[in-house]
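Working notes for the structure below.
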Amino acid sequence: MAQAPAGQRRFIVVSHTHWDREWYLPFEAFRARLVRMMDALIDLFDRDPGFKHFVLDGQTVPLDDYLEIRPERRETIERLVRDGRLLIGPNYMLPDEFLIGGEAWVRNLMVGIRSARQYGGGMDVGYSPDAFGHIAHLPAILRGFGLDSVAIWRGVGNDVKVSEFRWAAPDGSEVLALHFPYGYGFMAQVPEDRDALRSTLGTLRNMLEPLATTRNVLVPNGTDHLPAHNGLSGVIASANEILEDATMEHGTYPQFVAAVREDLGERYDELPLLTGEFRSSDRSNVLPGVLSARTWLKQRYAWCEDLLARYAEPLAAWAHLLRSPNGGSPERTAEDRRLLGHAWKLLLQNGPHDSVTGCSVDAVYDDVGLRFQKCEQIGEAVYFAALSEIAEAAAPSGETCAVAWNPLNVSRTDFCTVRVPVREGEEPTHAVDESGVAAALQPVERGLKSPLDRRERVVFGFVANEVPALGYKVLRLERREGVGPPAPSGPTIENEFFRVKGEADGTLTVEDKSDGRVMRGLNRFLDAGDRGDEYTYDPPPDDRAVDRPSGPATVAVTETGPARWTLEVRQTYRLPARLTPDRRARAGDEVECEITSRVRLYPGVGRVDVETEVDNRAEDHRLRVLFPAGVATDHSDAEQHFGVVRRPVACPPEAPNAPESPVAYYPQKTFTDLSDGERGLMIANRGLAEYEVMKADDGTATLAVTLLRCVSWLSRDDLSMRRGHAGPGFETPGAQMIGRWTFEYSLIPHTGGWRDVFSEAHAFARPLRALRTSRGSGRLAFQQSLLAVDAPELVVSTVKLAEDDDGVVARAYNIADEPIEGGVALSGAHGGVSAVDLNEENAADVDASDLALRSNEIVTLKFPHP
């Protein structure tokens with residue numbers, strides 16, 4: 001990169017606060033501070049015309065929170081936003097980039113930009129100043145909203161020698177990145193004393209000028225929960241008297257971006273181009289331990305996001321389409337849109353980088369848990385009502401049926417459950433599809449009662465055959481005679497794909513019948529000490545790992561089909577109860593922790609599903625489950641937001657004076673795969689965010705998935721893996737995760753690479769769901785797809801009601817690491833289809849039957865109202 005052109009330096013000071021909505025205090029306590037801060041800011045704007053701008057942390061939710069208490073201030077807020085003095089958005093909140101999903105990322109910016117418009121306009125620069133690293137797909141998401149620049153901090157490595165660079169997503173989408181080389185709080189406080197200011201300016205020039213790519217230098221003025229600096233206009237005036245060959249002015253991030261672009265001109269393409277994610281600890285903490293702190297948060301977030309985007313929203317959109325030709329029910333559609341919008345806001349409020357991460361005080365998680373409950377209640381209500389409406393239109397009149405919903409973009413045969421009221425002696429035995437294929441019903445839960453009548457409610461499991469992609473299938477519930485598959489004998493279960501045996505040491509042996517491969521030592525649990533905090537895993541110097549049960553495991557077959565076989569493996573781990581008082585070793589006294597794994601196979605399904613329940617009675621430890629893959633590889637392939645990221649197995653080297661030791665454990669979405677190109681092992685999961693790959697002496701790789709990480713401190717300053725505090729040193733006993741916890745994951749042995757089996761991982765993460773109806777009208781087909789997709793790599797992230805009219809929007813992305821072609825068709829759609837941006841704007845005509853997408857490219861299609 002060429003040096004900045006000669007000329008007068010221009011220091012652009014951007015005043016801001018970094019507003020964590022909840023962290024070392026719960027939400028309402030911080031809101032009290034927010035109200036005082038905003039009142040003082042408005043007063044400062046009124047008193048001092050020289051205080052020109054203030055950035056409200058790139059969010060809009062703080063304004064919502066403030067105006068709930070001070071509604072009379074709305075007109076003033078709108079005036080300040082319109083005048084460009086108060087900058088808000090484009091985010092609704094500042095998320096942890098890795099722990100929320102792709103669709104949540106889209107909704108965060110959609111809600112943020114749209115709410116900012118209601119206040120007078122949003123900041124047109126992406127803003128992620130304190131996320132714990134940055135995701136590979138962020139440039140594409142930002143460009144999808146018309147944002148061509150972003151301010152970032154953590155995770156950028158020592159290989160970057162400038163404070164501005166180009167950053168590209170896997171699909172080639174590119175943004176101008178403004179990097180805070182010393183954090184967003186570099187000049188949080190500036191002295192008003194002239195001599196002290198002269199020294200501060202000298203430091204500022206020495207540290208920031210060498211990194212600038214133009215004569216413009218960004219100077220952030222603010223930090224966590226800090227109010228605006230009352231004397232800043234005077235400081236800037238004094239600085240301009242002191243500085244030689246330089247000026248200082250009060251500005252904004254958009255002004256800085258414009259100045260950089262103007263100065264670079266045709267030299268813009270000479271800026272360094274970086275690609276991929278940023279997770280380096282060379283220059284800043286990325287705090288990777290948050291991936292496994294309070295695991296239940298990650299599980300609940302993943303489920304709630306899928307519930308809204310892949311169950312409730314598509315079905316609400318379909319119900320709307322079915323009503324429309326007959327005059328419809330616009331009130332019902334408007335009701336669904338408002339309910340789902342409210343549910344998304346509740347979920348997004350749990351996504352900030354101090355909330356879903358698990359790095360706050362215990363009181364915060366009372367609020368977080370309540371938001372999850374409310375979100376789930378709304379999502380389930382909308383899902384149930386919409387699927388009921390569709391089921392009643394599709395099921396034949398006078399018959400009791402199960403109607404199964406498949407949220408994937410591919411048809412599938414998979415296990416499903418349905419709850420049915422029964423009378424003694426009249427239980428159904430089979431679910432029969434239109435062609436007469438009968439799936440045997442297996443009671444999996446009994447004894448459920450209802451206040452409505454005296455009939456028992458029984459949950460039946462069955463394998464639904466070839467449920468259409470993003471569609472439903474009707475199955476009659478009948479009572480027949482029939483013989484299911486033979487019951488397994490001994491500590492073994494099997495289907496046509498796999499034979500699974502439980503061993504005395506608590507592990508599993510899996511035989512892949514397709515090629516005869518036998519994989520041993522699977523599902524072994526490894527427990528190690530943790531003297532760290534919510535941010536950082538830190539093993540004690542004198543650790544004592546436990547990787548065997550205290551005695552032989554109890555292995556039994558507890559379900560023998562015909563729809564599901566279950567192998568139960570019970571084992572007890574004797575774990576050190578806690579750390580020693582000096583925190584250098586694990587204590588000598590032990591507690592018994594029972595671990596029960598229920599391993600399941602189903603006819604026609606090529607996975608080995610596992611549900612593991614852990615009765616955790618120990619403190620200060622990390623529990624992981626291990627899967628020796630039996631292949632030699634130097635990389636892992638882990639699903640991220642709109643594609644798959646390849647990462648090295650080897651731990652990165654530690655940079656001199658790094659604030660944090662590098663680690664080799666990483667975030668994942670629904671799967672991570674280990675493969676040598678010929679065969680491999682994929683582990684799918686439901687909300688388990690952290691994995692690591694370990695190499696054996698023979699070069700083969702083992703995948704470790706973290707289940708629990710149990711600590712009692714928000715932050716400590718005596719760790720070996722991190723230098724200094726990452727937050728206040730408050731105790732957090734709730735983060736010890738004492739009690740019973742359930743974890744769900746699936747083993748998918750395969751030939752080839754991850755592209756051959758990723759749909760099976762999605763099927764595990766997003767199960768078929770069904771409900772019973774006896775009120776059918778039969779006006780719809782027995783089976784149908786809402787959205788037909790003809791390329792399996794074209795993954796649909798949602799189908800939803802349009803934001804601005806009665807149309808329907810579908811969003812999909814190319815998960816493959818190469819371009820693909822594919823087509824999409826919406827059931828019952830008429831008229832032209834438009835390609836829109838992620839904010840559902842800027843429509844352009846498109847042939848949805850002939851789409852060409854770059855690797856990981858996102859496409860959003862809008863279908864008009866029928």
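Naming scheme: A, B, ... for chains in displayed order of the structure tokens; residues 1 onward per chain; ligands 1 onward as shown.
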Exercise. Counting only C-alpha atoms, what is within 12 Å of Phe180 of chain A, bar same-chain residues fewer than 6 positions away, as a ChimeraX atom specification?
Worked result: /A:127-130,150-156,160-165,186-187,207-208,211-212,217-221,253,283-284
Problem set entry | alpha helix (DSSP H) call set, DSSP backbone run, segment 296-432 of chain A, as JSON, numbers by chain | {"A": [296, 297, 298, 299, 300, 301, 302, 303, 304, 305, 306, 313, 314, 315, 316, 317, 318, 319, 320, 321, 322, 323, 330, 331, 332, 333, 334, 335, 336, 337, 338, 339, 340, 341, 342, 343, 344, 345, 346, 347, 348, 362, 363, 364, 365, 366, 367, 368, 369, 370, 371, 372, 373, 374, 375, 376, 377, 378, 379, 380, 381, 382, 383, 384, 385, 386, 387, 388, 389, 390, 391, 392, 393, 394]}
Please write the residues from the selection above to a file, keeping C-alpha atoms, as a PDB file, in the first residue's frame.
ATOM      1  CA  TRP A 296     -28.077 -23.536  27.819  1.00  0.00           C
ATOM      2  CA  LEU A 297     -28.109 -20.036  26.322  1.00  0.00           C
ATOM      3  CA  LYS A 298     -26.700 -21.262  23.033  1.00  0.00           C
ATOM      4  CA  GLN A 299     -29.133 -24.177  22.944  1.00  0.00           C
ATOM      5  CA  ARG A 300     -32.155 -21.954  23.577  1.00  0.00           C
ATOM      6  CA  TYR A 301     -31.042 -19.303  21.080  1.00  0.00           C
ATOM      7  CA  ALA A 302     -30.497 -21.831  18.287  1.00  0.00           C
ATOM      8  CA  TRP A 303     -33.892 -23.433  18.877  1.00  0.00           C
ATOM      9  CA  CYS A 304     -35.799 -20.153  19.124  1.00  0.00           C
ATOM     10  CA  GLU A 305     -34.203 -18.818  15.944  1.00  0.00           C
ATOM     11  CA  ASP A 306     -35.130 -21.983  14.063  1.00  0.00           C
ATOM     12  CA  GLU A 313     -42.791 -17.936   9.655  1.00  0.00           C
ATOM     13  CA  PRO A 314     -43.032 -20.319   6.664  1.00  0.00           C
ATOM     14  CA  LEU A 315     -46.282 -21.782   7.940  1.00  0.00           C
ATOM     15  CA  ALA A 316     -47.754 -18.351   8.681  1.00  0.00           C
ATOM     16  CA  ALA A 317     -46.843 -17.302   5.142  1.00  0.00           C
ATOM     17  CA  TRP A 318     -48.434 -20.452   3.697  1.00  0.00           C
ATOM     18  CA  ALA A 319     -51.612 -19.990   5.699  1.00  0.00           C
ATOM     19  CA  HIS A 320     -51.743 -16.424   4.374  1.00  0.00           C
ATOM     20  CA  LEU A 321     -51.411 -17.668   0.784  1.00  0.00           C
ATOM     21  CA  LEU A 322     -54.179 -20.226   1.296  1.00  0.00           C
ATOM     22  CA  ARG A 323     -56.534 -17.588   2.650  1.00  0.00           C
ATOM     23  CA  PRO A 330     -55.959  -9.583   6.446  1.00  0.00           C
ATOM     24  CA  GLU A 331     -56.475  -9.150  10.175  1.00  0.00           C
ATOM     25  CA  ARG A 332     -55.053 -12.605  10.841  1.00  0.00           C
ATOM     26  CA  THR A 333     -52.061 -11.941   8.608  1.00  0.00           C
ATOM     27  CA  ALA A 334     -51.403  -8.610  10.290  1.00  0.00           C
ATOM     28  CA  GLU A 335     -51.686 -10.298  13.668  1.00  0.00           C
ATOM     29  CA  ASP A 336     -49.129 -12.949  12.697  1.00  0.00           C
ATOM     30  CA  ARG A 337     -46.760 -10.311  11.334  1.00  0.00           C
ATOM     31  CA  ARG A 338     -46.924  -8.285  14.562  1.00  0.00           C
ATOM     32  CA  LEU A 339     -46.573 -11.329  16.813  1.00  0.00           C
ATOM     33  CA  LEU A 340     -43.580 -12.632  14.902  1.00  0.00           C
ATOM     34  CA  GLY A 341     -41.986  -9.179  14.838  1.00  0.00           C
ATOM     35  CA  HIS A 342     -42.336  -8.984  18.615  1.00  0.00           C
ATOM     36  CA  ALA A 343     -40.888 -12.478  19.032  1.00  0.00           C
ATOM     37  CA  TRP A 344     -37.876 -11.552  16.903  1.00  0.00           C
ATOM     38  CA  LYS A 345     -37.222  -8.482  19.033  1.00  0.00           C
ATOM     39  CA  LEU A 346     -37.334 -10.581  22.192  1.00  0.00           C
ATOM     40  CA  LEU A 347     -34.863 -13.028  20.671  1.00  0.00           C
ATOM     41  CA  LEU A 348     -32.577 -10.281  19.371  1.00  0.00           C
ATOM     42  CA  ASP A 362     -26.410 -14.244  37.255  1.00  0.00           C
ATOM     43  CA  ALA A 363     -29.285 -11.742  37.556  1.00  0.00           C
ATOM     44  CA  VAL A 364     -29.010 -10.992  33.834  1.00  0.00           C
ATOM     45  CA  TYR A 365     -30.009 -14.548  32.991  1.00  0.00           C
ATOM     46  CA  ASP A 366     -33.294 -14.270  34.836  1.00  0.00           C
ATOM     47  CA  ASP A 367     -34.223 -11.635  32.233  1.00  0.00           C
ATOM     48  CA  VAL A 368     -32.687 -13.601  29.361  1.00  0.00           C
ATOM     49  CA  GLY A 369     -34.549 -16.769  30.329  1.00  0.00           C
ATOM     50  CA  LEU A 370     -37.854 -14.887  30.469  1.00  0.00           C
ATOM     51  CA  ARG A 371     -37.291 -13.454  26.984  1.00  0.00           C
ATOM     52  CA  PHE A 372     -36.589 -16.937  25.639  1.00  0.00           C
ATOM     53  CA  GLN A 373     -39.818 -18.189  27.210  1.00  0.00           C
ATOM     54  CA  LYS A 374     -41.871 -15.376  25.682  1.00  0.00           C
ATOM     55  CA  CYS A 375     -40.258 -15.815  22.267  1.00  0.00           C
ATOM     56  CA  GLU A 376     -40.897 -19.543  22.323  1.00  0.00           C
ATOM     57  CA  GLN A 377     -44.497 -19.096  23.466  1.00  0.00           C
ATOM     58  CA  ILE A 378     -45.213 -16.752  20.553  1.00  0.00           C
ATOM     59  CA  GLY A 379     -43.387 -18.917  18.028  1.00  0.00           C
ATOM     60  CA  GLU A 380     -45.191 -22.076  19.120  1.00  0.00           C
ATOM     61  CA  ALA A 381     -48.579 -20.327  19.080  1.00  0.00           C
ATOM     62  CA  VAL A 382     -48.105 -19.021  15.533  1.00  0.00           C
ATOM     63  CA  TYR A 383     -46.658 -22.335  14.335  1.00  0.00           C
ATOM     64  CA  PHE A 384     -49.485 -24.386  15.821  1.00  0.00           C
ATOM     65  CA  ALA A 385     -52.265 -22.142  14.534  1.00  0.00           C
ATOM     66  CA  ALA A 386     -50.838 -21.984  11.016  1.00  0.00           C
ATOM     67  CA  LEU A 387     -50.083 -25.705  10.719  1.00  0.00           C
ATOM     68  CA  SER A 388     -53.540 -26.473  12.116  1.00  0.00           C
ATOM     69  CA  GLU A 389     -55.090 -24.326   9.407  1.00  0.00           C
ATOM     70  CA  ILE A 390     -53.097 -26.074   6.693  1.00  0.00           C
ATOM     71  CA  ALA A 391     -53.722 -29.522   8.200  1.00  0.00           C
ATOM     72  CA  GLU A 392     -57.481 -29.005   8.293  1.00  0.00           C
ATOM     73  CA  ALA A 393     -57.429 -27.956   4.633  1.00  0.00           C
ATOM     74  CA  ALA A 394     -55.320 -30.954   3.586  1.00  0.00           C
TER      75      ALA A 394
END
For this session: Please give the complete set of residues from segment 644-823 of chain A that DSSP, run on the backbone, assigns to strand (DSSP E or B), formatted as a count of residues only.
Result: 83
Exercise. Using only C-alpha atoms, which of A:Leu86, A:Leu801, A:Ala309, A:Leu80 sits nearest Trp105 of chain A?
Worked result: A:Ala309
For this session: Name the residues in contact with segment 67-77 of chain A at a cut-off of 10 Å, using only C-alpha atoms, excluding same-chain residues fewer than 5 positions from it; report them as a PyMOL selection string.
Result: chain A and resi 31-32+35+38-39+42+61-62+82-83+85-86+119-120
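Each of A:Thr633, A:Ser797, A:Arg457, A:Leu853 was checked against Leu308 of chain A using only C-alpha atoms; the smallest atom-to-atom distance is that of A:Ser797.
Going from atom CA of Glu103 of chain A over to atom CA of Phe145 of chain A, you cover 13.4 Å.
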For this session: Please provide the set of residues having any atom within 10 Å of Trp19 of chain A, restricted to only C-alpha atoms, with same-chain residues fewer than 2 positions apart removed, written as number ranges by chain.
Result: A: 16-17, 21-23, 30-31, 34, 56-59, 62, 93-94, 223-227
Could you produce a table of the residues of segment 721-779 of chain A lying within 12 Å of segment 608-614 of chain A, with the nearest pair of atoms per residue and their separation in Å rounded to one decimal, using only C-alpha atoms, ordered by chain and increasing residue number, as CSV?
residue,atom,partner,partner_atom,distance
A:Met737,CA,A:Val614,CA,10.5
A:Ile738,CA,A:Val614,CA,9.8
A:Gly739,CA,A:Val614,CA,8.0
A:Arg740,CA,A:Val614,CA,5.5
A:Trp741,CA,A:Val614,CA,5.3
A:Thr742,CA,A:Glu613,CA,4.4
A:Phe743,CA,A:Thr612,CA,5.2
A:Glu744,CA,A:Glu611,CA,4.6
A:Tyr745,CA,A:Val610,CA,5.4
A:Ser746,CA,A:Asp609,CA,4.2
A:Leu747,CA,A:Val608,CA,5.0
A:Ile748,CA,A:Val608,CA,6.5
A:Pro749,CA,A:Val608,CA,8.8
A:His750,CA,A:Val608,CA,11.8
A:Glu760,CA,A:Val608,CA,10.6
A:Ala761,CA,A:Asp609,CA,10.3
A:Ala763,CA,A:Asp609,CA,11.1
A:Phe764,CA,A:Asp609,CA,7.9
A:Ala765,CA,A:Asp609,CA,10.5
A:Pro767,CA,A:Asp609,CA,11.7
Exercise. Gly778 of chain A: which residues within 9 Å, counting only C-alpha atoms, same-chain residues fewer than 2 positions away excluded, as a PyMOL selection string?
Worked result: chain A and resi 392-397+776+780-782
Let's have the selection written as a PDB file, in the first residue's frame, with N, CA, C and O atoms.
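Dumped everything to out-v9.pdb:
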ATOM      1  N   GLU A 392     -56.029 -28.855   8.453  1.00  0.00           N
ATOM      2  CA  GLU A 392     -57.481 -29.005   8.293  1.00  0.00           C
ATOM      3  C   GLU A 392     -57.905 -28.853   6.839  1.00  0.00           C
ATOM      4  O   GLU A 392     -58.910 -29.417   6.409  1.00  0.00           O
ATOM      5  N   ALA A 393     -57.115 -28.088   6.057  1.00  0.00           N
ATOM      6  CA  ALA A 393     -57.429 -27.956   4.633  1.00  0.00           C
ATOM      7  C   ALA A 393     -56.943 -29.161   3.839  1.00  0.00           C
ATOM      8  O   ALA A 393     -57.489 -29.461   2.776  1.00  0.00           O
ATOM      9  N   ALA A 394     -55.917 -29.864   4.348  1.00  0.00           N
ATOM     10  CA  ALA A 394     -55.320 -30.954   3.586  1.00  0.00           C
ATOM     11  C   ALA A 394     -55.841 -32.329   3.971  1.00  0.00           C
ATOM     12  O   ALA A 394     -55.906 -33.232   3.128  1.00  0.00           O
ATOM     13  N   ALA A 395     -56.176 -32.534   5.233  1.00  0.00           N
ATOM     14  CA  ALA A 395     -56.611 -33.855   5.693  1.00  0.00           C
ATOM     15  C   ALA A 395     -57.998 -34.169   5.147  1.00  0.00           C
ATOM     16  O   ALA A 395     -58.840 -33.275   5.002  1.00  0.00           O
ATOM     17  N   PRO A 396     -58.263 -35.448   4.844  1.00  0.00           N
ATOM     18  CA  PRO A 396     -59.594 -35.821   4.346  1.00  0.00           C
ATOM     19  C   PRO A 396     -60.650 -35.701   5.437  1.00  0.00           C
ATOM     20  O   PRO A 396     -60.371 -35.872   6.623  1.00  0.00           O
ATOM     21  N   SER A 397     -61.845 -35.416   5.025  1.00  0.00           N
ATOM     22  CA  SER A 397     -62.951 -35.240   5.967  1.00  0.00           C
ATOM     23  C   SER A 397     -63.274 -36.553   6.680  1.00  0.00           C
ATOM     24  O   SER A 397     -63.242 -37.628   6.090  1.00  0.00           O
ATOM     25  N   GLY A 776     -60.577 -32.355   8.968  1.00  0.00           N
ATOM     26  CA  GLY A 776     -60.150 -32.055   7.614  1.00  0.00           C
ATOM     27  C   GLY A 776     -61.284 -31.749   6.665  1.00  0.00           C
ATOM     28  O   GLY A 776     -62.419 -32.209   6.837  1.00  0.00           O
ATOM     29  N   LEU A 780     -57.069 -29.542  -0.078  1.00  0.00           N
ATOM     30  CA  LEU A 780     -55.691 -29.489  -0.550  1.00  0.00           C
ATOM     31  C   LEU A 780     -55.170 -30.901  -0.801  1.00  0.00           C
ATOM     32  O   LEU A 780     -55.750 -31.886  -0.346  1.00  0.00           O
ATOM     33  N   ALA A 781     -54.056 -30.992  -1.499  1.00  0.00           N
ATOM     34  CA  ALA A 781     -53.437 -32.275  -1.777  1.00  0.00           C
ATOM     35  C   ALA A 781     -52.922 -32.909  -0.490  1.00  0.00           C
ATOM     36  O   ALA A 781     -52.699 -32.238   0.521  1.00  0.00           O
ATOM     37  N   PHE A 782     -52.726 -34.255  -0.560  1.00  0.00           N
ATOM     38  CA  PHE A 782     -52.210 -34.982   0.599  1.00  0.00           C
ATOM     39  C   PHE A 782     -50.790 -34.558   0.961  1.00  0.00           C
ATOM     40  O   PHE A 782     -50.369 -34.695   2.101  1.00  0.00           O
TER      41      PHE A 782
END
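Proximity ranking of A:Asp20, A:Asp717, A:Asp124, A:Asp805 relative to Phe730 of chain A places A:Asp717 first, based on only C-alpha atoms.
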Problem set entry | Close residues, Leu522 of chain A itself excluded, 7 Å, only C-alpha atoms, min 2 positions apart in chain, as a PyMOL selection string | chain A and resi 507-509+520+524+626-628
Problem set entry | Residues within 7 Å of segment 576-586 of chain A, only C-alpha atoms, excluding chain neighbours under 4 positions, as a ChimeraX atom specification | /A:529,531,540-544,590-591,618-620
Dump as a PDB file, in the first residue's frame, selection limited to C-alpha atoms:
ATOM      1  CA  GLY A 529     -10.319 -28.560  35.423  1.00  0.00           C
ATOM      2  CA  ARG A 531      -9.663 -22.078  36.791  1.00  0.00           C
ATOM      3  CA  PRO A 540      -5.061 -25.339  36.364  1.00  0.00           C
ATOM      4  CA  PRO A 541      -1.290 -25.991  36.362  1.00  0.00           C
ATOM      5  CA  ASP A 542      -1.759 -29.278  38.214  1.00  0.00           C
ATOM      6  CA  ASP A 543      -4.806 -30.532  36.360  1.00  0.00           C
ATOM      7  CA  ARG A 544      -6.353 -33.956  36.801  1.00  0.00           C
ATOM      8  CA  GLU A 590     -14.850 -36.108  44.593  1.00  0.00           C
ATOM      9  CA  VAL A 591     -18.486 -36.129  43.585  1.00  0.00           C
ATOM     10  CA  ALA A 618     -18.904 -30.661  40.226  1.00  0.00           C
ATOM     11  CA  GLU A 619     -17.559 -27.130  39.973  1.00  0.00           C
ATOM     12  CA  ASP A 620     -14.660 -25.559  38.088  1.00  0.00           C
TER      13      ASP A 620
END
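Relative to atom CA of Pro352 of chain A, atom CA of Gln640 of chain A is found at 18.0 Å.
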Exercise. Between A:Gln442, A:Thr751, A:Asn91, A:Thr860, which one has atoms that come closest to Asp515 of chain A, using only C-alpha atoms?
Worked result: A:Thr751
Would you write out, as JSON lines, a table of all residues in segment 740-857 of chain A that have an atom no more than 8 Å from an atom of segment 409-415 of chain A, listing for each the closest atom pair and the distance in Å to one decimal, considering only C-alpha atoms and ordering rows by chain and rising residue number?
{"residue": "A:Ser759", "atom": "CA", "partner": "A:Val410", "partner_atom": "CA", "distance": 7.7}
{"residue": "A:Ala763", "atom": "CA", "partner": "A:Asp414", "partner_atom": "CA", "distance": 8.0}
{"residue": "A:Pro767", "atom": "CA", "partner": "A:Phe415", "partner_atom": "CA", "distance": 7.8}
{"residue": "A:Leu768", "atom": "CA", "partner": "A:Phe415", "partner_atom": "CA", "distance": 7.0}
{"residue": "A:Leu787", "atom": "CA", "partner": "A:Asn409", "partner_atom": "CA", "distance": 7.9}
{"residue": "A:Ala788", "atom": "CA", "partner": "A:Asn409", "partner_atom": "CA", "distance": 7.4}
{"residue": "A:Val789", "atom": "CA", "partner": "A:Asn409", "partner_atom": "CA", "distance": 6.2}
{"residue": "A:Pro792", "atom": "CA", "partner": "A:Val410", "partner_atom": "CA", "distance": 6.3}
{"residue": "A:Leu794", "atom": "CA", "partner": "A:Asn409", "partner_atom": "CA", "distance": 7.6}
{"residue": "A:Val795", "atom": "CA", "partner": "A:Asn409", "partner_atom": "CA", "distance": 6.0}
{"residue": "A:Val796", "atom": "CA", "partner": "A:Asn409", "partner_atom": "CA", "distance": 5.9}
Generate a file of the selected residues that holds N, CA and C atoms, formatted as a short mmCIF file (atom, residue, chain, number, x, y, z; two decimals), in the first residue's frame.
data_model
loop_
_atom_site.label_atom_id
_atom_site.label_comp_id
_atom_site.auth_asym_id
_atom_site.auth_seq_id
_atom_site.Cartn_x
_atom_site.Cartn_y
_atom_site.Cartn_z
N SER A 759 -27.04 -32.19 4.49
CA SER A 759 -28.50 -32.14 4.66
C SER A 759 -28.95 -33.04 5.81
N ALA A 763 -31.15 -31.99 8.93
CA ALA A 763 -32.34 -32.75 9.32
C ALA A 763 -32.33 -33.05 10.82
N PRO A 767 -35.87 -30.93 13.20
CA PRO A 767 -36.64 -32.17 13.03
C PRO A 767 -38.00 -31.94 12.39
N LEU A 768 -38.52 -33.01 11.79
CA LEU A 768 -39.93 -33.01 11.39
C LEU A 768 -40.80 -32.77 12.61
N LEU A 787 -42.33 -24.26 -0.98
CA LEU A 787 -41.27 -23.72 -1.83
C LEU A 787 -40.49 -24.89 -2.40
N ALA A 788 -40.49 -25.02 -3.71
CA ALA A 788 -39.72 -26.07 -4.36
C ALA A 788 -38.34 -25.53 -4.73
N VAL A 789 -37.30 -26.29 -4.36
CA VAL A 789 -35.92 -25.90 -4.63
C VAL A 789 -35.25 -27.08 -5.33
N PRO A 792 -29.84 -29.07 -3.94
CA PRO A 792 -29.72 -29.30 -2.49
C PRO A 792 -28.79 -28.30 -1.80
N LEU A 794 -28.71 -25.21 -2.33
CA LEU A 794 -29.42 -23.94 -2.18
C LEU A 794 -30.29 -24.04 -0.92
N VAL A 795 -29.70 -23.67 0.20
CA VAL A 795 -30.33 -23.85 1.51
C VAL A 795 -31.28 -22.68 1.79
N VAL A 796 -32.49 -22.99 2.17
CA VAL A 796 -33.47 -21.95 2.46
C VAL A 796 -33.38 -21.60 3.94
#
